[in-house]
$ cat upload.txt   # compact mmCIF, C-alpha atoms
# COMPACT_ATOMS: atom_id res chain seq x y z
CA MET A 183 -116.94 185.28 176.74
CA HIS A 184 -114.00 183.28 178.06
CA PRO A 185 -111.34 184.74 180.36
CA ILE A 186 -108.01 185.34 178.71
CA TYR A 187 -105.20 183.83 180.74
CA ASP A 188 -101.64 185.00 180.50
CA ILE A 189 -100.59 181.34 180.52
CA VAL A 190 -102.28 178.05 179.75
CA GLY A 191 -100.01 175.18 180.69
CA ILE A 192 -100.58 171.81 179.02
CA GLY A 193 -99.49 169.04 181.35
CA PHE A 194 -98.78 169.27 185.07
CA GLY A 195 -95.78 167.21 185.99
CA PRO A 196 -92.79 168.52 187.97
CA SER A 197 -91.84 171.07 185.27
CA ASN A 198 -95.13 172.93 185.14
CA LEU A 199 -95.55 172.44 188.90
CA ALA A 200 -92.29 174.36 189.35
CA LEU A 201 -93.65 177.04 187.01
CA ALA A 202 -96.92 177.26 188.95
CA ILE A 203 -94.89 177.81 192.13
CA ALA A 204 -92.77 180.50 190.45
CA LEU A 205 -96.01 182.20 189.36
CA THR A 206 -97.43 181.99 192.87
CA GLU A 207 -94.33 183.54 194.39
CA HIS A 208 -94.30 186.27 191.74
CA ASN A 209 -97.97 187.09 192.30
CA GLU A 210 -97.49 187.38 196.05
CA GLN A 211 -95.26 190.42 195.43
CA ALA A 212 -96.44 191.81 192.08
CA GLU A 213 -98.87 194.66 191.67
CA THR A 214 -100.30 192.96 188.60
CA PRO A 215 -100.55 189.19 188.97
CA VAL A 216 -99.99 186.70 186.17
CA THR A 217 -103.09 184.64 185.45
CA ALA A 218 -102.68 180.98 184.59
CA VAL A 219 -104.38 177.63 184.40
CA PHE A 220 -102.71 174.25 183.95
CA LEU A 221 -104.53 171.38 182.25
CA GLU A 222 -103.68 167.87 183.42
CA ARG A 223 -105.39 164.74 182.13
CA GLN A 224 -104.62 162.72 185.28
CA GLU A 225 -107.15 162.97 188.08
CA ALA A 226 -104.44 163.94 190.59
CA PHE A 227 -100.76 164.76 190.55
CA GLY A 228 -98.59 161.77 189.71
CA TRP A 229 -94.97 161.29 188.63
CA HIS A 230 -93.66 157.87 187.56
CA ARG A 231 -95.90 156.13 190.07
CA GLY A 232 -95.25 152.77 188.44
CA MET A 233 -91.62 152.81 189.61
CA LEU A 234 -91.96 154.20 193.14
CA LEU A 235 -90.21 151.19 194.65
CA ASP A 236 -89.87 151.33 198.43
CA ASP A 237 -86.07 151.35 198.46
CA ALA A 238 -85.39 153.35 195.28
CA THR A 239 -83.63 156.68 195.78
CA MET A 240 -83.42 159.85 193.74
CA GLN A 241 -80.46 160.33 191.43
CA VAL A 242 -80.36 164.09 192.07
CA SER A 243 -79.68 165.99 195.26
CA PHE A 244 -82.66 167.13 197.32
CA LEU A 245 -81.37 170.68 196.80
CA LYS A 246 -82.41 170.34 193.15
CA ASP A 247 -86.03 170.46 194.19
CA LEU A 248 -88.78 172.58 192.65
CA VAL A 249 -87.45 175.91 193.89
CA THR A 250 -84.12 176.03 195.73
CA MET A 251 -81.81 176.66 192.76
CA ARG A 252 -84.06 179.61 191.82
CA ASN A 253 -85.09 180.84 195.27
CA PRO A 254 -83.31 179.27 198.26
CA THR A 255 -85.71 181.01 200.69
CA SER A 256 -88.88 179.58 199.13
CA ARG A 257 -91.56 178.11 201.37
CA PHE A 258 -92.03 175.41 198.71
CA SER A 259 -88.60 173.82 199.26
CA PHE A 260 -87.95 170.19 200.16
CA LEU A 261 -86.60 171.33 203.52
CA CYS A 262 -89.87 173.17 204.27
CA TYR A 263 -91.70 169.99 203.29
CA LEU A 264 -89.58 168.00 205.75
CA ARG A 265 -90.30 170.50 208.51
CA ASP A 266 -94.01 170.29 207.74
CA ARG A 267 -93.88 166.49 207.87
CA GLY A 268 -91.89 166.51 211.12
CA ARG A 269 -88.82 164.82 209.63
CA LEU A 270 -86.33 167.67 209.19
CA ILE A 271 -84.00 166.66 212.04
CA ASP A 272 -84.27 162.99 211.09
CA PHE A 273 -83.30 163.78 207.51
CA VAL A 274 -80.34 165.91 208.59
CA ASN A 275 -79.10 163.07 210.82
CA HIS A 276 -79.43 160.70 207.88
CA LYS A 277 -76.51 162.54 206.21
CA ASN A 278 -77.80 161.78 202.73
CA LEU A 279 -78.31 164.06 199.74
CA PHE A 280 -80.58 161.61 197.93
CA PRO A 281 -84.07 161.03 199.37
CA LEU A 282 -86.21 157.99 198.72
CA ARG A 283 -88.15 158.36 195.48
CA VAL A 284 -91.45 157.79 197.31
CA GLU A 285 -90.52 160.63 199.67
CA PHE A 286 -89.72 163.02 196.83
CA HIS A 287 -93.01 162.12 195.18
CA ASP A 288 -94.79 162.94 198.43
CA TYR A 289 -92.95 166.28 198.38
CA PHE A 290 -94.27 166.91 194.85
CA GLU A 291 -97.81 166.12 195.99
CA TRP A 292 -97.39 168.40 199.03
CA ALA A 293 -96.26 171.26 196.78
CA ALA A 294 -98.96 170.59 194.16
CA ALA A 295 -101.67 170.77 196.83
CA GLN A 296 -100.61 174.34 197.61
CA VAL A 297 -101.14 175.54 194.03
CA ASP A 298 -104.13 173.41 193.06
CA ASP A 299 -106.21 176.54 192.54
CA VAL A 300 -104.48 176.99 189.16
CA VAL A 301 -104.75 173.36 188.04
CA SER A 302 -107.62 171.65 186.28
CA TYR A 303 -107.15 167.92 186.84
CA GLY A 304 -108.96 165.38 184.70
CA THR A 305 -108.74 167.81 181.78
CA GLU A 306 -107.04 166.64 178.59
CA ALA A 307 -106.15 169.25 175.98
CA VAL A 308 -107.02 167.90 172.52
CA ALA A 309 -106.55 170.90 170.22
CA VAL A 310 -104.83 174.27 170.06
CA GLU A 311 -105.11 177.06 167.53
CA ALA A 312 -104.27 180.72 167.15
CA ILE A 313 -107.46 182.76 166.93
CA GLN A 314 -105.44 185.97 166.79
CA ASP A 315 -101.80 186.78 166.24
CA ASP A 316 -101.36 187.03 170.00
CA LEU A 317 -104.18 184.83 171.31
CA PHE A 318 -104.47 181.05 171.52
CA GLU A 319 -107.48 178.83 172.04
CA VAL A 320 -107.10 175.47 173.77
CA THR A 321 -109.92 172.93 173.59
CA ALA A 322 -110.26 170.15 176.14
CA ALA A 323 -111.78 166.72 175.63
CA THR A 324 -114.70 167.90 177.77
CA GLY A 325 -115.44 170.63 175.24
CA ASP A 326 -114.25 173.38 177.57
CA VAL A 327 -112.33 176.19 175.89
CA TYR A 328 -109.42 178.20 177.30
CA HIS A 329 -107.88 181.37 175.85
CA ALA A 330 -104.28 182.38 176.53
CA ARG A 331 -101.56 184.80 175.49
CA ASN A 332 -98.91 182.11 176.08
CA LEU A 333 -98.85 178.31 175.89
CA ILE A 334 -96.44 176.24 178.00
CA PHE A 335 -96.12 172.64 176.82
CA ALA A 336 -94.90 170.15 179.42
CA THR A 337 -96.21 166.95 177.91
CA GLY A 338 -93.62 164.69 179.51
CA LEU A 339 -92.33 161.38 178.24
CA ARG A 340 -93.84 158.39 176.47
CA PRO A 341 -92.66 154.80 176.96
CA THR A 342 -90.35 153.34 174.32
CA VAL A 343 -91.15 149.80 173.16
CA PRO A 344 -88.71 147.78 171.01
CA GLU A 345 -89.64 147.35 167.37
CA GLY A 346 -91.72 144.22 166.79
CA VAL A 347 -92.82 143.92 170.42
CA THR A 348 -96.36 144.70 171.61
CA LEU A 349 -97.47 145.40 175.17
CA SER A 350 -99.88 142.83 176.57
CA ASP A 351 -100.91 140.95 179.73
CA ARG A 352 -97.44 139.40 179.86
CA VAL A 353 -95.40 142.15 178.25
CA TRP A 354 -95.22 145.35 180.28
CA HIS A 355 -93.32 148.58 180.12
CA ASN A 356 -91.70 149.39 183.45
CA SER A 357 -93.77 152.59 183.69
CA GLU A 358 -96.67 150.36 184.81
CA PHE A 359 -94.58 147.95 186.87
CA LEU A 360 -95.96 148.59 190.37
CA HIS A 361 -99.48 149.00 189.02
CA ARG A 362 -99.40 145.44 187.65
CA VAL A 363 -96.88 143.45 189.69
CA GLY A 364 -99.76 142.17 191.84
CA GLU A 365 -100.91 140.18 188.80
CA LEU A 366 -97.89 137.88 189.15
CA GLU A 367 -98.64 134.71 191.09
CA ASN A 368 -95.60 132.60 191.92
CA PRO A 369 -93.83 133.23 188.61
CA LYS A 370 -91.21 130.71 187.55
CA ARG A 371 -89.26 133.12 185.38
CA CYS A 372 -89.19 136.85 184.57
CA VAL A 373 -87.25 138.57 181.79
CA VAL A 374 -86.20 142.20 182.23
CA VAL A 375 -84.95 144.08 179.16
CA GLY A 376 -82.76 147.16 179.60
CA ALA A 377 -79.44 148.37 180.96
CA GLY A 378 -80.43 151.45 182.95
CA GLN A 379 -81.36 152.27 186.53
CA SER A 380 -85.01 151.24 186.17
CA ALA A 381 -84.02 147.87 184.69
CA ALA A 382 -81.56 147.14 187.48
CA GLU A 383 -84.10 148.19 190.13
CA ALA A 384 -86.74 145.92 188.60
CA VAL A 385 -84.30 142.99 188.48
CA ALA A 386 -83.44 143.46 192.16
CA TYR A 387 -87.12 143.80 193.11
CA LEU A 388 -88.30 140.71 191.23
CA HIS A 389 -85.40 138.64 192.55
CA ARG A 390 -86.20 139.72 196.11
CA GLU A 391 -89.99 139.53 196.04
CA PHE A 392 -90.29 136.22 194.17
CA PRO A 393 -87.71 133.89 195.73
CA GLY A 394 -88.88 130.96 193.60
CA ALA A 395 -88.42 132.74 190.28
CA GLU A 396 -85.48 132.95 187.92
CA VAL A 397 -84.81 136.52 186.81
CA CYS A 398 -83.09 137.07 183.45
CA SER A 399 -81.58 140.46 182.70
CA VAL A 400 -81.23 141.09 178.96
CA PHE A 401 -78.98 143.94 177.86
CA SER A 402 -76.68 144.72 174.96
CA ARG A 403 -73.66 145.66 177.07
CA TYR A 404 -71.10 143.45 178.76
CA GLY A 405 -72.37 144.63 182.11
CA TYR A 406 -74.26 147.44 183.78
CA SER A 407 -72.43 150.75 183.39
CA PRO A 408 -72.06 152.95 186.47
CA ALA A 409 -73.52 156.43 186.43
CA ASP A 410 -70.89 159.15 186.41
CA ASP A 411 -71.97 161.34 189.30
CA SER A 412 -68.52 162.74 190.01
CA SER A 413 -68.36 166.40 190.95
CA PHE A 414 -66.81 167.77 187.77
CA ALA A 415 -69.01 165.69 185.46
CA ASN A 416 -72.10 166.86 187.36
CA ARG A 417 -71.38 170.39 186.17
CA ILE A 418 -73.11 169.39 182.92
CA PHE A 419 -76.34 169.82 184.91
CA ASP A 420 -75.48 173.34 186.12
CA PRO A 421 -77.70 176.22 184.91
CA GLU A 422 -74.58 177.79 183.42
CA ALA A 423 -74.04 174.66 181.31
CA VAL A 424 -77.29 175.42 179.48
CA ASP A 425 -75.80 178.71 178.30
CA HIS A 426 -72.63 176.98 177.14
CA TYR A 427 -74.54 174.25 175.31
CA PHE A 428 -77.00 176.65 173.69
CA ASP A 429 -74.22 178.84 172.30
CA ALA A 430 -71.97 175.98 171.16
CA PRO A 431 -71.65 174.91 167.50
CA ASP A 432 -73.52 171.75 166.56
CA ALA A 433 -70.33 169.68 166.47
CA VAL A 434 -69.50 170.70 170.05
CA LYS A 435 -73.04 169.93 171.16
CA ARG A 436 -72.71 166.41 169.79
CA ARG A 437 -69.40 165.95 171.58
CA LEU A 438 -70.80 167.17 174.87
CA MET A 439 -73.70 164.74 174.63
CA ASP A 440 -71.33 161.88 173.76
CA TYR A 441 -68.92 162.76 176.55
CA HIS A 442 -71.54 163.09 179.26
CA ARG A 443 -74.27 160.68 178.21
CA ASN A 444 -73.13 158.35 181.00
CA THR A 445 -74.28 160.86 183.59
CA ASN A 446 -77.90 160.01 182.82
CA TYR A 447 -78.63 157.52 180.04
CA SER A 448 -78.50 153.69 180.43
CA VAL A 449 -76.45 153.86 183.60
CA VAL A 450 -76.93 152.41 187.08
CA ASP A 451 -76.04 153.51 190.59
CA VAL A 452 -72.76 151.88 191.52
CA ASP A 453 -74.11 150.54 194.84
CA LEU A 454 -76.92 148.72 193.05
CA ILE A 455 -74.45 147.24 190.56
CA ALA A 456 -72.36 145.95 193.46
CA GLN A 457 -75.45 144.51 195.16
CA LEU A 458 -76.53 142.60 192.05
CA TYR A 459 -73.02 141.30 191.38
CA ARG A 460 -72.73 140.17 194.97
CA THR A 461 -76.04 138.32 194.66
CA ALA A 462 -75.03 136.65 191.38
CA TYR A 463 -71.69 135.55 192.82
CA GLN A 464 -73.24 134.22 196.01
CA GLU A 465 -75.71 132.16 194.01
CA LYS A 466 -72.90 130.78 191.88
CA VAL A 467 -71.04 129.68 195.02
CA LEU A 468 -74.15 128.04 196.43
CA GLY A 469 -75.17 126.46 193.14
CA THR A 470 -78.59 128.12 193.13
CA GLU A 471 -78.38 130.57 190.24
CA ARG A 472 -81.67 132.43 189.94
CA LEU A 473 -80.15 135.71 188.73
CA LYS A 474 -79.00 135.40 185.12
CA MET A 475 -77.14 138.24 183.44
CA MET A 476 -77.60 137.76 179.68
CA LYS A 477 -74.94 140.19 178.49
CA MET A 478 -74.45 141.25 174.87
CA THR A 479 -77.97 140.21 173.91
CA ARG A 480 -81.11 141.87 172.66
CA LEU A 481 -84.81 141.05 172.63
CA VAL A 482 -85.99 140.50 169.06
CA ALA A 483 -89.51 139.14 169.60
CA VAL A 484 -92.04 137.88 172.10
CA GLU A 485 -94.27 134.96 171.23
CA GLU A 486 -97.36 134.57 173.39
CA SER A 487 -99.69 131.66 174.01
CA ALA A 488 -102.41 130.79 176.48
CA ASP A 489 -99.80 129.32 178.82
CA GLY A 490 -97.34 132.20 178.86
CA ALA A 491 -94.81 134.05 176.79
CA ARG A 492 -91.61 133.10 175.01
CA ALA A 493 -88.90 135.75 174.72
CA VAL A 494 -86.64 135.44 171.70
CA VAL A 495 -83.22 136.72 172.73
CA GLN A 496 -80.40 137.08 170.22
CA SER A 497 -76.68 137.11 170.94
CA LEU A 498 -74.98 140.19 169.51
CA VAL A 499 -71.76 138.18 169.19
CA THR A 500 -72.89 135.04 167.36
CA GLY A 501 -76.35 135.98 166.14
CA GLU A 502 -77.75 132.81 167.71
CA GLN A 503 -81.22 133.00 169.21
CA GLU A 504 -82.35 131.62 172.54
CA PHE A 505 -85.99 130.97 173.38
CA ILE A 506 -86.92 131.71 176.99
CA ASP A 507 -90.28 130.64 178.37
CA THR A 508 -91.35 133.25 180.88
CA ASP A 509 -94.26 134.56 182.90
CA LEU A 510 -93.32 138.19 182.29
CA VAL A 511 -91.30 140.29 179.88
CA LEU A 512 -90.64 143.67 181.48
CA LEU A 513 -89.43 146.37 179.11
CA ALA A 514 -87.25 148.84 180.99
CA THR A 515 -86.42 150.38 177.63
CA GLY A 516 -86.73 154.04 178.46
CA TYR A 517 -88.79 156.90 177.14
CA ASP A 518 -89.01 159.33 174.27
CA GLU A 519 -89.96 162.95 174.77
CA ALA A 520 -93.56 163.45 173.74
CA ALA A 521 -93.92 165.99 170.93
CA PRO A 522 -95.94 169.10 171.79
CA MET A 523 -99.46 169.09 170.43
CA LEU A 524 -99.03 171.96 168.01
CA GLY A 525 -101.79 171.05 165.58
CA SER A 526 -102.70 174.05 163.45
CA LEU A 527 -99.82 176.01 165.02
CA GLU A 528 -97.27 173.80 163.26
CA PRO A 529 -96.98 175.95 160.07
CA THR A 530 -96.14 179.02 162.16
CA CYS A 531 -93.21 177.35 163.94
CA GLN A 532 -89.65 177.33 162.60
CA ARG A 533 -87.71 174.09 162.27
CA ASP A 534 -84.04 173.47 161.56
CA GLU A 535 -82.48 171.28 158.86
CA ALA A 536 -83.07 168.22 161.07
CA SER A 537 -86.78 169.09 161.39
CA ARG A 538 -86.36 170.04 165.05
CA LEU A 539 -88.18 173.02 166.50
CA VAL A 540 -86.06 176.15 166.69
CA VAL A 541 -86.17 177.27 170.31
CA GLY A 542 -84.74 180.39 171.91
CA ARG A 543 -82.60 180.40 175.03
CA ASP A 544 -85.76 181.29 176.99
CA TYR A 545 -87.40 178.03 175.78
CA ARG A 546 -89.70 179.98 173.47
CA VAL A 547 -90.36 178.44 170.07
CA GLN A 548 -89.42 180.67 167.16
CA THR A 549 -92.74 181.42 165.48
CA SER A 550 -94.35 183.98 163.21
CA LEU A 551 -96.95 184.62 165.93
CA ARG A 552 -96.66 187.28 168.61
CA GLY A 553 -98.07 184.96 171.23
CA GLY A 554 -95.59 182.81 173.13
CA ILE A 555 -95.18 179.04 172.71
CA TYR A 556 -92.82 177.56 175.30
CA LEU A 557 -91.43 174.06 175.77
CA GLN A 558 -90.64 172.31 179.04
CA GLY A 559 -88.93 169.30 177.49
CA GLY A 560 -88.15 168.45 173.89
CA THR A 561 -85.22 170.88 173.84
CA GLU A 562 -82.27 168.55 174.33
CA HIS A 563 -80.98 169.44 170.86
CA SER A 564 -80.81 173.13 171.80
CA HIS A 565 -80.44 173.25 175.60
CA GLY A 566 -78.62 170.03 176.43
CA ILE A 567 -79.06 167.07 178.71
CA THR A 568 -81.18 168.85 181.33
CA SER A 569 -84.04 169.38 178.86
CA SER A 570 -86.43 167.01 180.62
CA LEU A 571 -84.58 166.42 183.90
CA LEU A 572 -85.27 167.63 187.42
CA SER A 573 -81.76 169.09 187.80
CA ASN A 574 -82.69 172.41 186.18
CA VAL A 575 -86.43 172.50 186.75
CA ALA A 576 -86.39 175.37 189.25
CA VAL A 577 -84.17 177.68 187.21
CA ARG A 578 -85.92 176.82 183.93
CA SER A 579 -89.32 177.77 185.34
CA GLY A 580 -87.97 181.13 186.47
CA GLU A 581 -86.47 181.79 183.04
CA ILE A 582 -89.74 180.97 181.30
CA LEU A 583 -91.70 183.22 183.65
CA ALA A 584 -89.24 186.06 183.07
CA SER A 585 -89.65 185.64 179.32
CA VAL A 586 -93.44 185.66 179.58
CA LEU A 587 -93.33 188.87 181.62
CA THR A 588 -91.00 190.47 179.08
CA ASN A 589 -92.58 189.30 175.85
CA THR A 590 -96.32 189.11 176.42
CA PRO A 591 -97.55 191.69 173.92
CA VAL A 592 -100.43 193.00 176.03
CA PRO A 593 -100.61 194.09 179.66
CA VAL A 594 -100.55 191.07 181.94
CA LEU A 595 -103.97 190.14 183.34
CA ALA A 596 -105.86 191.37 180.31
CA THR A 597 -109.27 189.67 180.18
CA ALA A 598 -112.27 189.64 177.91
$ encode --input "upload.txt" --output "structure tokens"
Amino acid sequence: MHPIYDIVGIGFGPSNLALAIALTEHNEQAETPVTAVFLERQEAFGWHRGMLLDDATMQVSFLKDLVTMRNPTSRFSFLCYLRDRGRLIDFVNHKNLFPLRVEFHDYFEWAAAQVDDVVSYGTEAVAVEAIQDDLFEVTAATGDVYHARNLIFATGLRPTVPEGVTLSDRVWHNSEFLHRVGELENPKRCVVVGAGQSAAEAVAYLHREFPGAEVCSVFSRYGYSPADDSSFANRIFDPEAVDHYFDAPDAVKRRLMDYHRNTNYSVVDVDLIAQLYRTAYQEKVLGTERLKMMKMTRLVAVEESADGARAVVQSLVTGEQEFIDTDLVLLATGYDEAAPMLGSLEPTCQRDEASRLVVGRDYRVQTSLRGGIYLQGGTEHSHGITSSLLSNVAVRSGEILASVLTNTPVPVLATA
């Protein structure tokens, strides 16, 4: 007989970490605790490790950590982490809302270590099915079986690769950048594809770390676009904005996404833009141009040989193609949200006319089953731009927990 958990979480990135913390805080005060286990295929907690550049900062305030927007008094806050690490006063004196990315990752690891009793690392879920109307079975690659009243999918993002391009020894996605940059030995040229923050950070890093290399930045715009982080625009990330977006007609939802896409997608911190422009101008003055901004272009192919790679870059204006011999093609081309592994549950789930899952305000998939299927991510069409972002992670985890407590059709902590 297997224990029946109230929740089995699939994936353990920041979203389900925030949920595990919300569960822990709930159980510390509840007469009847919520039982849960989170399955994570990585051997330890990790979040975008391939882009934890030493000087890269977060694009969200430290107050949008795992808990503060839900529970400002939580012992799992970033400020409690700083106190534990002996850096609270130093951080306050720094007068900065945006920590280093490596520091925020260390905060995530610090928090994850405090709830590791509910996490099974090195465990990849490979199948799910409903064995009763209100009971799910999750099978892991190890053959282990888990039973749950509710499933919480937080399967994260998957790298996007341009059509016709294949990852290889000389073609990388930026998600593996730091894992592989040690393979470069005195490169003569590197090509970075993309117009967002990760692309600009990689361009700056390669230009700095390899002073003998030419760095070519390929993007379809005329220049990097600055992120709109102004105070009024940032309200699109407020918890209240989720309510507005969810209730809005489809036409309004499309407008909101169009209006505020530049708060998050394919945009760059204005200070980094200024730094790169300053570098390019200085090199032009000195006659040593290593930083090449190839505006209004796109990568159409990569041809590889034993000696290296050749990037085929096409002008969007003339259609002419340029062939660039390079030691590396780095694809900073973003991510797609990974679809939840519904498997045999798929026929029970409702979809709209665009074949998107129909999801309630509480992030619960509309299904014919009594058991709960929840999504942490993959809900941008219904909940807006914060679907997979850190900005709303604390509040979202509290809302999902509240829904589980309300809707679980049997007494919490039922076991068999």
$ residues_around --input "upload.txt" --residues "A:Leu339" --least-positions-apart "6" --cutoff "10 Å" --atoms "all atoms listed in the file" --output "PyMOL selection string"
chain A and resi 516-521+559-560+570
$ closest_residue --input "upload.txt" --among "A:Val575, A:Leu498, A:Ala493, A:Ile334" --to "A:Met251" --atoms "only C-alpha atoms"
A:Val575
$ atom_distance --input "upload.txt" --atom1 "atom CA of A:Ala514" --atom2 "atom CA of A:Ala576"
27.8 Å
$ atom_distance --input "upload.txt" --atom1 "atom CA of A:Asp507" --atom2 "atom CA of A:Arg371"
7.5 Å
$ residues_around --input "upload.txt" --residues "A:Val577" --least-positions-apart "3" --cutoff "12 Å" --atoms "only C-alpha atoms" --output "NGL selection string"
:A and (197 or 200-201 or 203-204 or 246-254 or 419-422 or 424 or 544-545 or 558 or 568-569 or 571-574 or 580-584)
$ atom_distance --input "upload.txt" --atom1 "atom CA of A:Ala395" --atom2 "atom CA of A:Leu473"
8.9 Å
$ closest_residue --input "upload.txt" --among "A:Ser585, A:Tyr406, A:Phe335, A:Ala382" --to "A:Thr561" --atoms "only C-alpha atoms"
A:Phe335
$ closest_residue --input "upload.txt" --among "A:Pro196, A:Gly325, A:Gly346, A:Gly304" --to "A:Phe286" --atoms "only C-alpha atoms"
A:Pro196
$ closest_residue --input "upload.txt" --among "A:Gln464, A:His442, A:Val449, A:Val547" --to "A:Asn416" --atoms "all atoms listed in the file"
A:His442
$ residues_near_point --input "upload.txt" --point "(-78.5, 175.5, 167.2)" --cutoff "9 Å" --atoms "only C-alpha atoms" --output "ChimeraX atom specification"
/A:428-432,435,534,540-541,563-565
$ closest_residue --input "upload.txt" --among "A:Thr479, A:Asn446, A:Ser550, A:Ser537" --to "A:Ile567" --atoms "only C-alpha atoms"
A:Asn446
$ residues_around --input "upload.txt" --residues "A:Leu282" --least-positions-apart "2" --cutoff "8 Å" --atoms "only C-alpha atoms" --output "number ranges by chain"
A: 236-240, 280, 284-286
$ axis_aligned_box --input "upload.txt" --around "stretch 524-543 of chain A" --padding-each-side "8 Å" --output "AutoDock Vina command-line options"
--center_x -92.6 --center_y 174.3 --center_z 166.9 --size_x 36.2 --size_y 28.2 --size_z 32.2
$ closest_residue --input "upload.txt" --among "A:Thr500, A:Gln314, A:Thr214, A:Asn275" --to "A:Asn332" --atoms "only C-alpha atoms"
A:Gln314
$ decode --input "upload.txt" --residues "stretch 332-344 of chain A" --atoms "N, CA, C and O atoms" --output "CSV table (one decimal), in the first residue's frame"
chain,number,residue,atom,x,y,z
A,332,ASN,N,-4.1,15.6,-5.3
A,332,ASN,CA,-3.9,16.8,-6.2
A,332,ASN,C,-2.5,16.7,-6.8
A,332,ASN,O,-1.5,16.3,-6.2
A,333,LEU,N,-2.4,17.1,-8.1
A,333,LEU,CA,-1.2,17.3,-8.8
A,333,LEU,C,-0.9,18.7,-9.0
A,333,LEU,O,-1.8,19.5,-9.5
A,334,ILE,N,0.4,19.1,-8.8
A,334,ILE,CA,0.8,20.5,-9.1
A,334,ILE,C,2.0,20.4,-10.1
A,334,ILE,O,3.1,20.0,-9.7
A,335,PHE,N,1.7,20.8,-11.3
A,335,PHE,CA,2.7,20.8,-12.3
A,335,PHE,C,3.5,22.1,-12.3
A,335,PHE,O,2.9,23.2,-12.5
A,336,ALA,N,4.8,22.0,-12.2
A,336,ALA,CA,5.7,23.2,-12.3
A,336,ALA,C,6.9,22.7,-13.1
A,336,ALA,O,8.0,22.6,-12.6
A,337,THR,N,6.7,22.5,-14.4
A,337,THR,CA,7.7,21.8,-15.2
A,337,THR,C,8.6,22.8,-15.9
A,337,THR,O,9.4,22.4,-16.7
A,338,GLY,N,8.4,24.1,-15.6
A,338,GLY,CA,9.4,25.1,-16.0
A,338,GLY,C,9.4,25.4,-17.5
A,338,GLY,O,8.4,25.3,-18.2
A,339,LEU,N,10.6,25.8,-18.0
A,339,LEU,CA,10.8,26.2,-19.4
A,339,LEU,C,11.7,25.3,-20.1
A,339,LEU,O,12.6,24.6,-19.5
A,340,ARG,N,11.6,25.3,-21.5
A,340,ARG,CA,12.5,24.6,-22.3
A,340,ARG,C,13.1,25.5,-23.3
A,340,ARG,O,12.4,26.4,-23.8
A,341,PRO,N,14.4,25.3,-23.6
A,341,PRO,CA,15.1,26.3,-24.5
A,341,PRO,C,14.4,26.3,-25.9
A,341,PRO,O,14.0,25.2,-26.4
A,342,THR,N,14.4,27.5,-26.5
A,342,THR,CA,13.9,27.6,-27.9
A,342,THR,C,15.1,27.7,-28.8
A,342,THR,O,16.0,28.5,-28.6
A,343,VAL,N,15.1,26.9,-29.9
A,343,VAL,CA,16.1,26.9,-30.9
A,343,VAL,C,15.5,27.3,-32.2
A,343,VAL,O,14.5,26.8,-32.6
A,344,PRO,N,16.2,28.2,-32.9
A,344,PRO,CA,15.6,28.6,-34.2
A,344,PRO,C,15.5,27.5,-35.2
A,344,PRO,O,16.2,26.5,-35.2
